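S.K.: I'm passing along data33.pdb; it holds PDB, C-alpha atoms.
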```pdb
ATOM      1  CA  GLN S 611       0.000   0.000   0.000
ATOM      2  CA  GLN S 612       3.002   2.245   0.424
ATOM      3  CA  GLN S 613       4.224   1.744  -3.134
ATOM      4  CA  VAL S 614       4.115   4.138  -6.048
ATOM      5  CA  LYS S 615       4.173   2.269  -9.356
ATOM      6  CA  GLN S 616       5.798   4.120 -12.234
ATOM      7  CA  SER S 617       5.755   3.286 -15.939
ATOM      8  CA  PRO S 618       7.265   2.959 -18.431
ATOM      9  CA  GLN S 619      10.746   2.057 -17.272
ATOM     10  CA  SER S 620      12.242   3.713 -20.342
ATOM     11  CA  LEU S 621      10.949   5.870 -23.149
ATOM     12  CA  ILE S 622      12.355   7.135 -26.444
ATOM     13  CA  VAL S 623      10.691   9.975 -28.357
ATOM     14  CA  GLN S 624      11.581  12.225 -31.241
ATOM     15  CA  LYS S 625      12.289  15.889 -30.650
ATOM     16  CA  GLY S 626       9.005  17.764 -30.396
ATOM     17  CA  GLY S 627       7.107  14.698 -29.193
ATOM     18  CA  ILE S 628       5.104  14.521 -25.955
ATOM     19  CA  PRO S 629       6.431  11.818 -23.647
ATOM     20  CA  ILE S 630       3.983  10.725 -20.953
ATOM     21  CA  ILE S 631       5.081   9.075 -17.716
ATOM     22  CA  ASN S 632       2.495   7.460 -15.476
ATOM     23  CA  CYS S 633       2.345   6.763 -11.758
ATOM     24  CA  ALA S 634      -0.236   4.953  -9.664
ATOM     25  CA  TYR S 635      -0.668   4.713  -5.920
ATOM     26  CA  GLU S 636      -2.832   2.835  -3.437
ATOM     27  CA  ASN S 637      -2.631   4.811  -0.228
ATOM     28  CA  THR S 638      -5.430   7.385  -0.072
ATOM     29  CA  ALA S 639      -3.532   9.208   2.671
ATOM     30  CA  PHE S 640      -1.092  10.517   0.059
ATOM     31  CA  ASP S 641      -1.849  14.167  -0.555
ATOM     32  CA  TYR S 642       1.144  15.677  -2.301
ATOM     33  CA  PHE S 643       2.751  14.470  -5.503
ATOM     34  CA  PRO S 644       6.060  15.925  -6.737
ATOM     35  CA  TRP S 645       8.033  15.013  -9.851
ATOM     36  CA  TYR S 646      11.817  15.040 -10.018
ATOM     37  CA  GLN S 647      14.292  15.153 -12.901
ATOM     38  CA  GLN S 648      17.723  13.590 -12.551
ATOM     39  CA  PHE S 649      20.657  13.907 -14.927
ATOM     40  CA  PRO S 650      23.535  11.389 -14.784
ATOM     41  CA  GLY S 651      25.868  12.107 -11.902
ATOM     42  CA  LYS S 652      23.543  14.680 -10.350
ATOM     43  CA  GLY S 653      20.989  14.742  -7.583
ATOM     44  CA  PRO S 654      17.252  14.739  -8.363
ATOM     45  CA  ALA S 655      15.834  18.214  -8.932
ATOM     46  CA  LEU S 656      12.231  19.167  -8.208
ATOM     47  CA  LEU S 657      10.291  19.825 -11.433
ATOM     48  CA  ILE S 658       6.669  20.324 -10.507
ATOM     49  CA  ALA S 659       4.246  19.162  -7.826
ATOM     50  CA  ILE S 660       0.490  18.822  -7.428
ATOM     51  CA  ARG S 661      -2.111  18.356  -4.720
ATOM     52  CA  PRO S 662      -5.157  16.137  -5.320
ATOM     53  CA  ASP S 663      -7.589  19.041  -5.176
ATOM     54  CA  VAL S 664      -6.632  20.035  -8.738
ATOM     55  CA  SER S 665      -6.753  17.861 -11.836
ATOM     56  CA  GLU S 666      -3.986  19.556 -13.805
ATOM     57  CA  LYS S 667      -0.998  21.803 -13.234
ATOM     58  CA  LYS S 668       1.298  23.363 -15.828
ATOM     59  CA  GLU S 669       4.732  24.866 -15.433
ATOM     60  CA  GLY S 670       6.380  25.768 -18.679
ATOM     61  CA  ARG S 671       6.499  22.680 -20.881
ATOM     62  CA  PHE S 672       5.735  20.326 -17.974
ATOM     63  CA  THR S 673       2.171  19.328 -17.088
ATOM     64  CA  ILE S 674       0.885  17.049 -14.350
ATOM     65  CA  SER S 675      -2.485  15.412 -14.839
ATOM     66  CA  PHE S 676      -4.123  14.002 -11.719
ATOM     67  CA  ASN S 677      -6.997  11.508 -11.522
ATOM     68  CA  LYS S 678      -7.992  11.207  -7.880
ATOM     69  CA  SER S 679     -10.655   8.528  -8.377
ATOM     70  CA  ALA S 680      -8.248   6.314 -10.304
ATOM     71  CA  LYS S 681      -5.364   7.147  -7.963
ATOM     72  CA  GLN S 682      -3.146   7.933 -10.918
ATOM     73  CA  PHE S 683      -1.087  10.890 -11.999
ATOM     74  CA  SER S 684       1.078  11.538 -15.001
ATOM     75  CA  LEU S 685       3.761  13.873 -16.296
ATOM     76  CA  HIS S 686       3.554  15.245 -19.838
ATOM     77  CA  ILE S 687       6.484  17.047 -21.451
ATOM     78  CA  MET S 688       5.360  19.281 -24.292
ATOM     79  CA  ASP S 689       7.645  19.958 -27.273
ATOM     80  CA  SER S 690      10.319  17.694 -25.821
ATOM     81  CA  GLN S 691      13.956  18.561 -26.476
ATOM     82  CA  PRO S 692      17.171  16.500 -26.389
ATOM     83  CA  GLY S 693      18.072  18.409 -23.214
ATOM     84  CA  ASP S 694      15.072  16.785 -21.505
ATOM     85  CA  SER S 695      16.835  13.409 -21.729
ATOM     86  CA  ALA S 696      17.070  12.361 -18.084
ATOM     87  CA  THR S 697      15.526  10.043 -15.522
ATOM     88  CA  TYR S 698      12.203  11.165 -14.090
ATOM     89  CA  PHE S 699      10.856  10.108 -10.703
ATOM     90  CA  CYS S 700       7.375  10.564  -9.361
ATOM     91  CA  ALA S 701       6.820  10.664  -5.616
ATOM     92  CA  ALA S 702       3.992  10.775  -3.122
ATOM     93  CA  THR S 703       3.804  11.855   0.452
ATOM     94  CA  GLY S 704       1.157  11.531   3.077
ATOM     95  CA  THR S 705       1.537  11.292   6.783
ATOM     96  CA  TYR S 706       5.234  10.989   7.341
ATOM     97  CA  LYS S 707       7.323   9.687   4.458
ATOM     98  CA  TYR S 708       8.059  10.376   0.805
ATOM     99  CA  ILE S 709       7.607   7.353  -1.441
ATOM    100  CA  PHE S 710       9.373   7.379  -4.814
ATOM    101  CA  GLY S 711       8.565   5.576  -8.037
ATOM    102  CA  THR S 712      11.251   3.463  -9.669
ATOM    103  CA  GLY S 713      12.071   6.047 -12.343
ATOM    104  CA  THR S 714      11.656   6.429 -16.107
ATOM    105  CA  ARG S 715      14.686   6.903 -18.345
ATOM    106  CA  LEU S 716      13.682   9.304 -21.105
ATOM    107  CA  LYS S 717      15.687   9.808 -24.274
ATOM    108  CA  VAL S 718      14.689  12.524 -26.713
ATOM    109  CA  LEU S 719      16.221  12.058 -30.142
ATOM    110  CA  ALA S 720      17.421  15.100 -32.049
TER     111      ALA S 720
ATOM    112  CA  ASN K 261      20.128  30.703  -0.486
ATOM    113  CA  ALA K 262      22.474  27.762  -0.829
ATOM    114  CA  GLY K 263      20.958  24.422  -1.661
ATOM    115  CA  VAL K 264      21.504  21.161   0.136
ATOM    116  CA  MET K 265      25.217  20.533   0.475
ATOM    117  CA  GLN K 266      26.854  17.155   0.691
ATOM    118  CA  ASN K 267      30.468  16.243   1.214
ATOM    119  CA  PRO K 268      32.558  14.637   0.170
ATOM    120  CA  ARG K 269      31.254  14.315  -3.386
ATOM    121  CA  HIS K 270      33.355  11.223  -3.960
ATOM    122  CA  LEU K 271      34.663   8.860  -1.312
ATOM    123  CA  VAL K 272      36.854   5.814  -1.775
ATOM    124  CA  ARG K 273      37.240   3.330   1.027
ATOM    125  CA  ARG K 274      38.777  -0.096   1.375
ATOM    126  CA  ARG K 275      36.755  -2.971   2.744
ATOM    127  CA  GLY K 276      36.509  -2.783   6.530
ATOM    128  CA  GLN K 277      37.038   0.981   6.771
ATOM    129  CA  GLU K 278      34.462   3.494   7.926
ATOM    130  CA  ALA K 279      32.662   5.954   5.667
ATOM    131  CA  ARG K 280      31.241   9.237   6.965
ATOM    132  CA  LEU K 281      28.912  11.180   4.707
ATOM    133  CA  ARG K 282      27.864  14.697   5.634
ATOM    134  CA  CYS K 283      24.784  16.667   4.677
ATOM    135  CA  SER K 284      23.974  20.307   5.393
ATOM    136  CA  PRO K 285      20.287  20.985   4.714
ATOM    137  CA  MET K 286      18.956  24.134   3.145
ATOM    138  CA  LYS K 287      18.642  27.096   5.490
ATOM    139  CA  GLY K 288      15.464  26.849   7.484
ATOM    140  CA  HIS K 289      14.997  23.139   6.795
ATOM    141  CA  SER K 290      14.902  20.909   9.852
ATOM    142  CA  HIS K 291      13.862  17.670   8.137
ATOM    143  CA  VAL K 292      16.549  15.522   6.542
ATOM    144  CA  TYR K 293      16.263  12.319   4.528
ATOM    145  CA  TRP K 294      18.921   9.935   3.263
ATOM    146  CA  TYR K 295      18.540   7.789   0.148
ATOM    147  CA  ARG K 296      20.714   5.255  -1.584
ATOM    148  CA  GLN K 297      20.856   4.831  -5.343
ATOM    149  CA  LEU K 298      22.561   2.041  -7.204
ATOM    150  CA  PRO K 299      23.525   2.584 -10.881
ATOM    151  CA  GLU K 300      20.492   2.543 -13.169
ATOM    152  CA  GLU K 301      18.165   2.120 -10.189
ATOM    153  CA  GLY K 302      15.735   4.240  -8.235
ATOM    154  CA  LEU K 303      16.020   5.952  -4.901
ATOM    155  CA  LYS K 304      15.850   3.715  -1.854
ATOM    156  CA  PHE K 305      14.739   5.443   1.335
ATOM    157  CA  MET K 306      17.070   4.889   4.252
ATOM    158  CA  VAL K 307      16.254   7.235   7.109
ATOM    159  CA  TYR K 308      14.295  10.376   8.025
ATOM    160  CA  LEU K 309      15.580  12.647  10.775
ATOM    161  CA  GLN K 310      14.606  15.842  12.464
ATOM    162  CA  LYS K 311      16.983  17.777  14.658
ATOM    163  CA  GLU K 312      18.304  15.359  17.287
ATOM    164  CA  ASN K 313      15.659  12.753  16.466
ATOM    165  CA  ILE K 314      15.426   9.755  14.181
ATOM    166  CA  ILE K 315      11.838   9.650  12.944
ATOM    167  CA  ASP K 316      11.961   6.665  10.595
ATOM    168  CA  GLU K 317      14.931   4.383   9.985
ATOM    169  CA  SER K 318      12.974   1.569   8.389
ATOM    170  CA  GLY K 319      15.102   1.630   5.232
ATOM    171  CA  MET K 320      18.441   1.433   6.932
ATOM    172  CA  PRO K 321      20.277  -1.871   7.446
ATOM    173  CA  LYS K 322      20.258  -2.849  11.101
ATOM    174  CA  GLU K 323      24.005  -3.380  11.247
ATOM    175  CA  ARG K 324      26.901  -1.108  10.330
ATOM    176  CA  PHE K 325      24.716   1.864   9.340
ATOM    177  CA  SER K 326      23.797   4.770  11.579
ATOM    178  CA  ALA K 327      22.611   8.332  11.107
ATOM    179  CA  GLU K 328      22.396  11.436  13.224
ATOM    180  CA  PHE K 329      21.281  15.022  12.893
ATOM    181  CA  PRO K 330      22.644  16.925  15.868
ATOM    182  CA  LYS K 331      21.364  20.219  17.180
ATOM    183  CA  GLU K 332      24.382  21.950  15.661
ATOM    184  CA  GLY K 333      26.142  20.896  12.505
ATOM    185  CA  PRO K 334      25.377  18.657   9.557
ATOM    186  CA  SER K 335      23.576  15.361   9.420
ATOM    187  CA  ILE K 336      25.959  12.406   9.279
ATOM    188  CA  LEU K 337      25.412   9.018   7.675
ATOM    189  CA  ARG K 338      27.976   6.603   9.001
ATOM    190  CA  ILE K 339      28.807   3.231   7.508
ATOM    191  CA  GLN K 340      31.113   1.041   9.540
ATOM    192  CA  GLN K 341      33.210  -1.806   8.155
ATOM    193  CA  VAL K 342      32.212  -1.077   4.582
ATOM    194  CA  VAL K 343      31.788  -3.886   2.062
ATOM    195  CA  ARG K 344      31.794  -3.773  -1.737
ATOM    196  CA  GLY K 345      27.999  -3.915  -1.772
ATOM    197  CA  ASP K 346      27.895  -0.518  -0.049
ATOM    198  CA  SER K 347      29.236   1.128  -3.219
ATOM    199  CA  ALA K 348      26.475   3.470  -4.382
ATOM    200  CA  ALA K 349      25.433   7.094  -4.582
ATOM    201  CA  TYR K 350      24.033   8.403  -1.321
ATOM    202  CA  PHE K 351      21.701  11.367  -1.552
ATOM    203  CA  CYS K 352      20.543  13.646   1.195
ATOM    204  CA  ALA K 353      17.372  15.707   0.899
ATOM    205  CA  SER K 354      15.805  18.307   3.158
ATOM    206  CA  SER K 355      12.414  19.924   3.542
ATOM    207  CA  PRO K 356      11.060  22.858   5.556
ATOM    208  CA  LEU K 357       7.987  20.966   6.711
ATOM    209  CA  PRO K 358       7.288  17.360   7.629
ATOM    210  CA  PRO K 359       5.992  15.031   4.915
ATOM    211  CA  GLY K 360       2.276  15.396   4.487
ATOM    212  CA  GLN K 361       2.263  19.158   4.884
ATOM    213  CA  GLY K 362       2.690  20.014   1.249
ATOM    214  CA  SER K 363       6.382  20.699   0.933
ATOM    215  CA  SER K 364       8.755  18.943  -1.432
ATOM    216  CA  GLU K 365      12.153  17.583  -0.674
ATOM    217  CA  PHE K 366      15.218  19.288  -2.106
ATOM    218  CA  PHE K 367      18.142  17.044  -2.926
ATOM    219  CA  GLY K 368      21.859  17.503  -2.608
ATOM    220  CA  PRO K 369      24.356  16.487  -5.317
ATOM    221  CA  GLY K 370      25.105  13.173  -3.638
ATOM    222  CA  THR K 371      28.178  11.371  -2.355
ATOM    223  CA  ARG K 372      29.470   8.588  -4.558
ATOM    224  CA  LEU K 373      30.988   5.906  -2.382
ATOM    225  CA  THR K 374      33.325   3.366  -3.912
ATOM    226  CA  VAL K 375      34.511   0.454  -1.826
ATOM    227  CA  LEU K 376      37.636  -1.250  -3.120
TER     228      LEU K 376
END
```
Please re-express this file's structure in structure tokens.
M.R.:
Amino acid sequence: QQQVKQSPQSLIVQKGGIPIINCAYENTAFDYFPWYQQFPGKGPALLIAIRPDVSEKKEGRFTISFNKSAKQFSLHIMDSQPGDSATYFCAATGTYKYIFGTGTRLKVLA
Amino acid sequence: NAGVMQNPRHLVRRRGQEARLRCSPMKGHSHVYWYRQLPEEGLKFMVYLQKENIIDESGMPKERFSAEFPKEGPSILRIQQVVRGDSAAYFCASSPLPPGQGSSEFFGPGTRLTVL
């Protein structure tokens, strides 16, 4: 019940495409859902986060869609660029701990 | 406002030695988390600390590993008698509020531990 399931494990898109990364959770106590971007050799960096009282949040080219009833949320990257090639982690937090997904390795081809 | 700082960035130890990893959280953050990441893998939670208190150490091996976050100074993750399997990147994160109160964690650059 404490898991956050993330898919796909890896993803390859052409420049300009819209990669979509999905996460699903079980614990209804989770109430905050951040996404992180990690480049090789670096620490994860916060991208965007959402609360379950909204269904969508946009920041620049990054959009989170949230489906509370399905307990799913997803990250969309609009007009993807080769510089977006990185590993993306979703996370969820509720009462006292952050739970991370297993990560998605994204490669955007030039 | 400086981000989360970790040192050393790279640490090489021989089997049986001790490794000490340090983490200075962002200013104003009193919640610290340690994670371990193996190559090509995700983040594995190890321990969550507040000042002078260990809140959750459920992800930390029972032997050889310990963590502290004293009233003054950085948080320390200590690994005694290191083995080759301890080789990994260790990330520290901090947050201004406890989990569940709507704040995200901010990560440091990590310490890459290599055990020879």
S.K.: May I have the residues within 8 Å of Leu685 in chain S as a list of chain:residue names, using only C-alpha atoms and disregarding those fewer than 6 positions away in the same chain?
M.R.: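 Answer for this query is S:Ile630, S:Ile631, S:Asn632, S:Trp645, S:Phe672, S:Thr673, S:Ile674, S:Ser675.
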S.K.: Go ahead and dump the residues you just picked, C-alpha atoms, as a PDB file, keeping the file's coordinate frame.
M.R.:
```pdb
ATOM      1  CA  ILE S 630       3.983  10.725 -20.953  1.00  0.00           C
ATOM      2  CA  ILE S 631       5.081   9.075 -17.716  1.00  0.00           C
ATOM      3  CA  ASN S 632       2.495   7.460 -15.476  1.00  0.00           C
ATOM      4  CA  TRP S 645       8.033  15.013  -9.851  1.00  0.00           C
ATOM      5  CA  PHE S 672       5.735  20.326 -17.974  1.00  0.00           C
ATOM      6  CA  THR S 673       2.171  19.328 -17.088  1.00  0.00           C
ATOM      7  CA  ILE S 674       0.885  17.049 -14.350  1.00  0.00           C
ATOM      8  CA  SER S 675      -2.485  15.412 -14.839  1.00  0.00           C
TER       9      SER S 675
END
```
S.K.: Give me, as a list in words, all polymer residues having an atom no more than 10 Å from Lys287 in chain K, counting all atoms listed in the file and skipping those fewer than 3 positions away in the same chain.
M.R.: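 Answer for this query is Asn261, Ala262, Gly263, Val264, Ser284, Ser290, Ser354, Ser355 and Pro356 of chain K.
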S.K.: Go through S:Leu719, S:Ala655, S:Ala639, S:Ala634 and flag the residue nearest Lys615 in chain S, using only C-alpha atoms for the distances.
M.R.: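 Between S:Leu719, S:Ala655, S:Ala639, S:Ala634, the residue approaching Lys615 in chain S most closely is S:Ala634.
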S.K.: Evaluate the PyMOL selection byres ((chain S and resi 679) around 12) and record the selected residues as a PDB file with C-alpha atoms, in the frame of the given file, following the chain and residue labels used in the document.
M.R.:
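Listing of result_31.pdb after writing:
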```
ATOM      1  CA  ALA S 634      -0.236   4.953  -9.664  1.00  0.00           C
ATOM      2  CA  TYR S 635      -0.668   4.713  -5.920  1.00  0.00           C
ATOM      3  CA  GLU S 636      -2.832   2.835  -3.437  1.00  0.00           C
ATOM      4  CA  THR S 638      -5.430   7.385  -0.072  1.00  0.00           C
ATOM      5  CA  PRO S 662      -5.157  16.137  -5.320  1.00  0.00           C
ATOM      6  CA  ASP S 663      -7.589  19.041  -5.176  1.00  0.00           C
ATOM      7  CA  SER S 665      -6.753  17.861 -11.836  1.00  0.00           C
ATOM      8  CA  PHE S 676      -4.123  14.002 -11.719  1.00  0.00           C
ATOM      9  CA  ASN S 677      -6.997  11.508 -11.522  1.00  0.00           C
ATOM     10  CA  LYS S 678      -7.992  11.207  -7.880  1.00  0.00           C
ATOM     11  CA  ALA S 680      -8.248   6.314 -10.304  1.00  0.00           C
ATOM     12  CA  LYS S 681      -5.364   7.147  -7.963  1.00  0.00           C
ATOM     13  CA  GLN S 682      -3.146   7.933 -10.918  1.00  0.00           C
ATOM     14  CA  PHE S 683      -1.087  10.890 -11.999  1.00  0.00           C
TER      15      PHE S 683
END
```
S.K.: Determine, counting only C-alpha atoms, which protein, DNA and RNA residues have an atom within 10 Å of an atom of Ile315 in chain K; residues of the same chain fewer than 3 positions away are not included. Present the result as number ranges by chain.
M.R.: S: 706-707; K: 291-293, 307-312, 318
S.K.: Within 8 Å of Gln340 in chain K, counting all atoms listed in the file, which residues qualify if same-chain residues fewer than 4 places away don't, as a count of residues only?
M.R.: 6
S.K.: Could you check how far CA of Cys633 in chain S sits from CA of Pro650 in chain S, in Å to one decimal?
M.R.: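 Distance between the two atoms: 21.9 Å.
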S.K.: To one decimal place, how far is CA of Val614 in chain S from CA of Pro644 in chain S in Å?
M.R.: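 Separation between CA of Val614 in chain S and CA of Pro644 in chain S: 12.0 Å.
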S.K.: Select, as a VMD selection string, those residues of chain S with any atom no more than 9 Å from chain K (distances computed using all atoms listed in the file).
M.R.: chain S and resid 639 to 644 651 to 656 659 661 699 703 to 713 715
S.K.: The PyMOL selection byres ((chain K and resi 273) around 7) - which residues does that actually catch in the file I just gave you? List them as a VMD selection string.
M.R.: chain K and resid 271 to 272 274 to 275 277 374 to 376
